[in-house]
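Visitor: Pasting upload_1.txt here (compact mmCIF, C-alpha atoms):
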```
# COMPACT_ATOMS: atom_id res chain seq x y z
CA CYS A 164 5.93 -6.10 -8.50
CA ILE A 165 5.06 -2.82 -10.16
CA PHE A 166 6.09 0.39 -8.45
CA ALA A 167 5.70 4.05 -9.35
CA TYR A 168 8.69 6.28 -8.58
CA GLY A 169 9.17 10.04 -8.93
CA GLN A 170 9.13 13.36 -7.14
CA THR A 171 6.07 14.59 -5.28
CA GLY A 172 3.31 15.77 -7.62
CA SER A 173 4.54 13.86 -10.67
CA GLY A 174 1.44 11.69 -11.05
CA LYS A 175 2.31 8.41 -9.28
CA THR A 176 -1.00 8.04 -7.47
CA HIS A 177 -2.93 8.85 -10.66
CA SER A 178 -1.01 6.17 -12.58
CA MET A 179 -1.69 3.54 -9.93
CA GLN A 180 -5.21 4.58 -8.88
CA GLY A 181 -6.62 6.17 -12.03
CA THR A 182 -10.28 7.19 -12.21
CA LYS A 183 -13.57 5.38 -12.74
CA ASP A 184 -13.51 6.28 -16.44
CA SER A 185 -9.81 5.52 -16.87
CA PRO A 186 -8.72 2.89 -14.29
CA GLY A 187 -5.13 2.78 -13.10
CA ILE A 188 -2.71 -0.09 -12.56
CA TYR A 189 -4.55 -1.43 -9.49
CA MET A 190 -7.90 -2.08 -11.17
CA ARG A 191 -6.36 -3.10 -14.52
CA THR A 192 -4.24 -5.75 -12.78
CA PHE A 193 -7.19 -7.23 -10.89
CA ASN A 194 -9.35 -7.24 -14.05
CA GLU A 195 -6.63 -9.05 -15.99
CA LEU A 196 -6.33 -11.65 -13.22
CA PHE A 197 -10.12 -12.20 -13.20
CA LYS A 198 -9.96 -12.72 -16.98
CA VAL A 199 -7.05 -15.19 -16.73
CA ALA A 200 -8.79 -17.07 -13.89
CA GLY A 201 -11.94 -17.36 -16.01
CA ASP A 202 -9.94 -18.73 -18.96
CA ARG A 203 -8.17 -21.40 -16.88
CA VAL A 204 -10.40 -24.43 -17.37
CA GLY A 205 -10.13 -26.93 -14.51
CA TRP A 206 -8.21 -24.57 -12.23
CA LYS A 207 -9.37 -23.46 -8.79
CA ILE A 208 -8.16 -19.89 -8.22
CA GLU A 209 -8.72 -17.66 -5.19
CA LEU A 210 -7.63 -14.00 -5.07
CA LYS A 211 -7.24 -11.95 -1.91
CA GLY A 212 -6.26 -8.32 -1.47
CA ALA A 213 -4.33 -6.54 1.27
CA ILE A 214 -3.44 -2.85 1.52
CA VAL A 215 -0.75 -1.37 3.75
CA GLU A 216 1.01 1.95 4.03
CA VAL A 217 4.52 2.53 5.32
CA TYR A 218 4.20 5.73 7.33
CA ASN A 219 7.25 7.10 9.17
CA ASP A 220 8.84 3.64 8.73
CA GLU A 221 5.91 1.89 10.44
CA ILE A 222 3.43 -0.50 8.80
CA ARG A 223 -0.25 0.43 8.89
CA ASP A 224 -2.99 -1.96 7.78
CA LEU A 225 -5.45 0.16 5.80
CA LEU A 226 -8.12 -2.56 5.76
CA ALA A 227 -8.15 -2.97 9.55
CA ASP A 228 -10.63 -1.10 11.77
CA PRO A 229 -8.83 2.18 12.61
CA ASN A 230 -10.74 2.39 15.91
CA ASP A 231 -9.78 -1.10 17.13
CA PRO A 232 -7.68 -0.62 20.30
CA ARG A 233 -6.36 -4.20 20.03
CA LYS A 234 -4.58 -3.58 16.73
CA PRO A 235 -1.14 -5.23 16.95
CA LYS A 236 2.08 -3.50 15.93
CA LEU A 237 2.81 -4.89 12.47
CA GLN A 238 6.28 -6.07 11.52
CA VAL A 239 7.90 -7.89 8.61
CA LYS A 240 8.72 -11.52 9.41
CA GLN A 241 10.64 -14.18 7.50
CA GLY A 242 8.55 -17.22 6.54
CA LYS A 243 9.18 -20.40 4.57
CA ASP A 244 7.70 -18.74 1.46
CA GLY A 245 9.43 -15.38 1.94
CA ASN A 246 8.72 -12.21 3.90
CA TYR A 247 5.22 -11.58 5.23
CA VAL A 248 3.37 -9.44 7.78
CA PRO A 249 1.56 -11.49 10.47
CA GLY A 250 -1.92 -10.21 11.35
CA LEU A 251 -2.45 -8.37 8.07
CA VAL A 252 -6.08 -8.28 6.92
CA GLN A 253 -6.61 -10.12 3.63
CA ARG A 254 -9.98 -9.89 1.91
CA GLN A 255 -11.15 -12.29 -0.77
CA VAL A 256 -12.24 -10.53 -3.97
CA GLN A 257 -14.34 -12.11 -6.71
CA SER A 258 -15.49 -9.13 -8.79
CA PRO A 259 -14.36 -5.67 -9.95
CA GLN A 260 -16.90 -4.08 -7.57
CA GLU A 261 -15.36 -5.87 -4.58
CA VAL A 262 -11.94 -4.64 -5.71
CA ASP A 263 -13.27 -1.09 -6.01
CA ASP A 264 -14.65 -1.29 -2.46
CA LEU A 265 -11.30 -2.61 -1.24
CA LEU A 266 -9.33 0.19 -2.92
CA THR A 267 -11.79 2.85 -1.72
CA THR A 268 -11.30 1.72 1.88
CA GLY A 269 -7.52 1.77 1.53
CA SER A 270 -7.45 5.16 -0.18
CA LYS A 271 -9.75 6.67 2.46
CA ASN A 272 -7.45 5.55 5.27
CA ARG A 273 -4.17 6.63 3.64
CA THR A 274 -2.24 9.58 5.08
CA VAL A 275 -2.23 12.64 2.80
CA ALA A 276 -1.58 16.35 3.35
CA CYS A 277 -1.23 19.64 1.48
CA THR A 278 2.24 21.02 0.67
CA ASP A 279 3.51 23.88 -1.50
CA MET A 280 4.34 21.34 -4.25
CA ASN A 281 1.22 19.15 -4.10
CA SER A 282 -2.24 19.93 -2.72
CA HIS A 283 -2.91 16.21 -2.14
CA SER A 284 0.54 14.90 -1.22
CA SER A 285 0.89 11.26 -0.20
CA ARG A 286 2.74 11.11 3.11
CA SER A 287 3.36 7.36 2.99
CA HIS A 288 4.24 4.52 0.65
CA LEU A 289 1.14 2.54 -0.35
CA LEU A 290 1.37 -1.19 -1.15
CA VAL A 291 -1.56 -3.08 -2.65
CA GLN A 292 -0.91 -6.83 -2.49
CA ILE A 293 -2.76 -9.45 -4.51
CA ILE A 294 -2.35 -12.92 -3.05
CA GLY A 295 -3.23 -15.73 -5.43
CA SER A 296 -3.85 -19.34 -4.34
CA MET A 297 -4.24 -21.83 -7.17
CA VAL A 298 -4.85 -25.55 -7.66
CA ASN A 299 -4.18 -26.84 -11.19
CA PRO A 300 -6.10 -29.69 -12.86
CA GLU A 301 -3.51 -32.20 -11.58
CA GLY A 302 -4.13 -31.08 -7.98
CA LYS A 303 -0.84 -29.22 -7.53
CA GLN A 304 -1.11 -26.21 -5.21
CA LEU A 305 0.55 -22.96 -6.24
CA SER A 306 0.72 -19.51 -4.68
CA SER A 307 2.06 -16.13 -5.73
CA THR A 308 1.87 -12.47 -4.75
CA ILE A 309 1.73 -9.34 -6.85
CA THR A 310 2.70 -6.11 -5.08
CA LEU A 311 1.63 -2.79 -6.59
CA VAL A 312 3.41 0.16 -4.99
CA ASP A 313 2.60 3.87 -5.03
CA LEU A 314 5.76 5.32 -3.49
CA ALA A 315 5.59 8.63 -1.66
CA GLY A 316 7.39 11.29 -3.66
CA SER A 317 10.86 12.54 -2.87
CA GLU A 318 10.76 16.17 -1.84
CA ARG A 319 13.05 18.97 -0.78
CA ILE A 320 11.75 20.47 2.44
CA ALA A 321 12.79 23.97 1.34
CA LYS A 322 10.65 23.64 -1.80
CA SER A 323 7.65 21.85 -0.30
CA GLY A 324 7.39 24.42 2.51
CA VAL A 325 6.55 21.85 5.18
CA SER A 326 7.25 22.00 8.91
CA GLY A 327 6.41 20.09 12.09
CA ASP A 328 4.80 16.69 11.40
CA ARG A 329 4.94 17.24 7.62
CA ALA A 330 8.70 17.85 7.80
CA LYS A 331 9.13 14.70 9.91
CA GLU A 332 7.17 12.75 7.29
CA ALA A 333 9.35 14.16 4.51
CA ILE A 334 12.52 13.09 6.35
CA PHE A 335 11.21 9.52 6.72
CA ILE A 336 10.07 9.45 3.07
CA ASN A 337 13.45 10.62 1.78
CA LYS A 338 15.30 8.22 4.11
CA SER A 339 13.31 5.20 2.89
CA LEU A 340 13.73 6.22 -0.76
CA SER A 341 17.46 6.53 -0.12
CA ALA A 342 17.41 3.00 1.34
CA LEU A 343 15.62 1.81 -1.81
CA GLY A 344 18.38 3.46 -3.84
CA ASP A 345 21.02 1.63 -1.78
CA VAL A 346 19.27 -1.69 -2.48
CA ILE A 347 19.09 -0.93 -6.22
CA ASN A 348 22.79 0.06 -6.26
CA ALA A 349 23.80 -3.16 -4.45
CA ARG A 350 21.70 -5.28 -6.83
CA ALA A 351 23.05 -3.50 -9.92
CA ALA A 352 26.65 -3.93 -8.70
CA LYS A 353 25.90 -7.60 -7.83
CA ASN A 354 27.26 -7.10 -4.30
CA SER A 355 27.33 -10.10 -1.98
CA HIS A 356 25.14 -8.20 0.53
CA THR A 357 22.00 -6.21 -0.22
CA PRO A 358 20.78 -3.94 2.64
CA PHE A 359 17.09 -4.87 2.53
CA ARG A 360 16.69 -4.49 6.31
CA ASN A 361 17.78 -0.84 6.38
CA SER A 362 14.16 0.31 6.04
CA THR A 363 10.69 -1.14 6.45
CA LEU A 364 9.91 -0.36 2.81
CA THR A 365 12.84 -2.35 1.38
CA HIS A 366 12.29 -5.17 3.89
CA LEU A 367 8.68 -5.46 2.69
CA LEU A 368 9.82 -5.41 -0.95
CA GLN A 369 12.71 -7.86 -0.50
CA ASP A 370 10.98 -10.73 -2.31
CA SER A 371 9.91 -8.40 -5.13
CA LEU A 372 13.43 -7.06 -5.71
CA SER A 373 15.39 -10.32 -5.55
CA GLY A 374 15.43 -13.90 -6.76
CA ASP A 375 13.57 -14.60 -9.98
CA SER A 376 10.80 -12.06 -9.35
CA LYS A 377 9.49 -9.90 -12.18
CA THR A 378 9.68 -6.18 -11.38
CA LEU A 379 8.53 -3.13 -13.36
CA MET A 380 9.12 0.50 -12.40
CA LEU A 381 7.00 3.39 -13.66
CA LEU A 382 9.25 6.44 -13.73
CA GLN A 383 7.13 9.56 -13.25
CA ILE A 384 8.54 12.88 -14.47
CA ASN A 385 7.19 16.39 -13.83
CA PRO A 386 7.52 18.34 -17.14
CA CYS A 387 7.84 21.78 -15.51
CA LYS A 388 11.20 23.55 -15.95
CA ALA A 389 11.23 24.44 -12.26
CA HIS A 390 11.58 20.73 -11.42
CA VAL A 391 14.38 19.84 -13.85
CA GLU A 392 16.83 18.91 -11.04
CA GLU A 393 14.39 16.44 -9.48
CA SER A 394 13.58 15.05 -12.95
CA LEU A 395 17.28 14.42 -13.64
CA CYS A 396 17.66 12.66 -10.27
CA SER A 397 14.66 10.45 -11.12
CA LEU A 398 16.10 9.60 -14.55
CA GLN A 399 19.46 8.70 -12.99
CA PHE A 400 17.68 6.44 -10.49
CA GLY A 401 15.77 4.83 -13.36
CA ALA A 402 19.02 4.14 -15.20
CA ARG A 403 20.37 2.33 -12.13
CA VAL A 404 17.17 0.29 -11.79
CA ASN A 405 17.51 -0.71 -15.44
CA ASN A 406 20.94 -2.23 -14.69
CA VAL A 407 19.54 -4.70 -12.16
CA GLU A 408 19.33 -8.28 -13.45
CA MET A 409 17.03 -10.76 -11.77
CA SER A 410 17.94 -14.42 -11.41
CA LYS A 411 16.75 -16.85 -14.05
CA LYS A 412 15.41 -20.26 -13.13
```
As structure tokens - that is how I would like this structure written.

Guide:
Amino acid sequence: CIFAYGQTGSGKTHSMQGTKDSPGIYMRTFNELFKVAGDRVGWKIELKGAIVEVYNDEIRDLLADPNDPRKPKLQVKQGKDGNYVPGLVQRQVQSPQEVDDLLTTGSKNRTVACTDMNSHSSRSHLLVQIIGSMVNPEGKQLSSTITLVDLAGSERIAKSGVSGDRAKEAIFINKSLSALGDVINARAAKNSHTPFRNSTLTHLLQDSLSGDSKTLMLLQINPCKAHVEESLCSLQFGARVNNVEMSKK
């Protein structure tokens, strides 16, 4: 799992999404996987992509038809291989162009709005999942998932100048980020219980933040003096994340 964390307007979406001339984490990750798959002689490797947003603590499938009236309410379920979301659209990708089409669809359907702090503020957490199914030369089947997360930015309602639906979104964003902080604190303190189920975001990320998973956080900082308090809060959160130790097999 790779996730970008920081206040609103600090560059998280740019780091993850990038541009055509300078691709971000999403495209770089897929390209590296295509390269590795091509180098694995005798392996059969299939890659699929899924894109969801957590908006007001609800899961939205950004690859599903937004006009389909039969769309089911999506929820996190526990399966034999970990948490998953039944009914989530997964598209097979075999080339960078197919990945670009996938990401364009997801980005187009994501919820954004203008605030006083960010003219293109993400109003949801975006999760791009890469599901890999592999068969090695000996015939052994393997599977793994990479989750790339562009978290919505923490914001102070007084500073962002939002009201109505935007204020409701901000409350849900801050609440879910607080739940993520509680999970990180519990993991760092090695508590017997970790409150993954306190929010949809942390429930979705449970497998990425526990066990022997590999997790990287990009800590995004706004260099402006006016945002020094938020920057300090982000750095303190990053320090707590750095204290979390994953299990070793």

Visitor: Considering all atoms listed in the file, can you say which of A:Asp244, A:Glu221, A:Asp202, A:Glu195 comes closest to Asp370 (chain A)?

Guide: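 Of all the options, A:Asp244 lies closest to Asp370 (chain A).
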
Visitor: Hey, which of A:Val239, A:Gln383, A:Glu261, A:Lys303 ends up closest to Leu364 (chain A)? Count all atoms listed in the file.

Guide: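 Going through A:Val239, A:Gln383, A:Glu261, A:Lys303 one by one, the smallest distance to Leu364 (chain A) is for A:Val239.
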
Visitor: Smallest atom-to-atom distance to Gln369 (chain A): which of A:Thr182, A:Thr310, A:Gln399, A:Ser258, using only C-alpha atoms?

Guide: A:Thr310

Visitor: Could you work out how far CA of Leu251 (chain A) lies from CA of Ile294 (chain A), giving the answer in Å with one decimal?

Guide: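 Between these atoms lies a distance of 12.0 Å.
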
Visitor: When distances are computed from only C-alpha atoms, which of A:Gln255, A:Thr171, A:Ser296, A:Ser410 shows the smallest separation from Lys211 (chain A)?

Guide: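 Comparing A:Gln255, A:Thr171, A:Ser296, A:Ser410 against Lys211 (chain A), the winner is A:Gln255.
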
Visitor: Which residue gives the smallest distance to Phe335 (chain A) among A:Val407, A:Val312, A:Val217, A:Ile208, with only C-alpha atoms counted?

Guide: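 Of A:Val407, A:Val312, A:Val217, A:Ile208, the one nearest Phe335 (chain A), counting only C-alpha atoms, is A:Val217.
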
Visitor: Choose the residue, out of A:Thr192, A:Ser270, A:Ser371, A:Ser341, that has the smallest atom-to-atom separation from Thr176 (chain A); count all atoms listed in the file.

Guide: A:Ser270

Visitor: Could you jot down the CA of Leu289 (chain A) to CA of Leu311 (chain A) separation for me, Å, one decimal place?

Guide: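 Distance reported for this atom pair: 8.2 Å.
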
Visitor: As a VMD selection string, please: the residues near Ser306 (chain A) (cut-off 9 Å, only C-alpha atoms, same-chain neighbours under 2 positions excluded).

Guide: chain A and resid 294 to 298 304 308

Visitor: May I ask for the distance between CA of His356 (chain A) and CA of Ile336 (chain A), given in Å to one decimal place?

Guide: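 Value for the CA of His356 (chain A)-CA of Ile336 (chain A) distance: 23.3 Å.
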
Visitor: Excluding Thr363 (chain A) and any residue of its chain fewer than 3 positions from it, enumerate the residues within 7 Å of it, using all atoms listed in the file, and give them as a list in words.

Guide: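 In the requested format, the answer is Asp220, Glu221, Arg360, His366 and Leu367 of chain A.
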
Visitor: Tell me, as an MDAnalysis selection string, which residues lie within 10 Å of Thr268 (chain A), counting all atoms listed in the file; anything in the same chain fewer than 5 positions away does not count.

Guide: chainID A and resid 214 225:227 262:263 273

Visitor: With all atoms listed in the file as the counted atoms, please give the residues lying no more than 12 Å from Glu301 (chain A), apart from itself and same-chain residues fewer than 6 positions off, as a list in words.

Guide: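 Non-adjacent residues within range: Val204, Gly205, Trp206 and Lys207 of chain A.
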
Visitor: Excluding Asn348 (chain A) and any residue of its chain fewer than 5 positions from it, enumerate the residues within 10 Å of it, using all atoms listed in the file, and give them as a PyMOL selection string.

Guide: chain A and resi 342-343+353-354+357-358+400+403-404+406-407
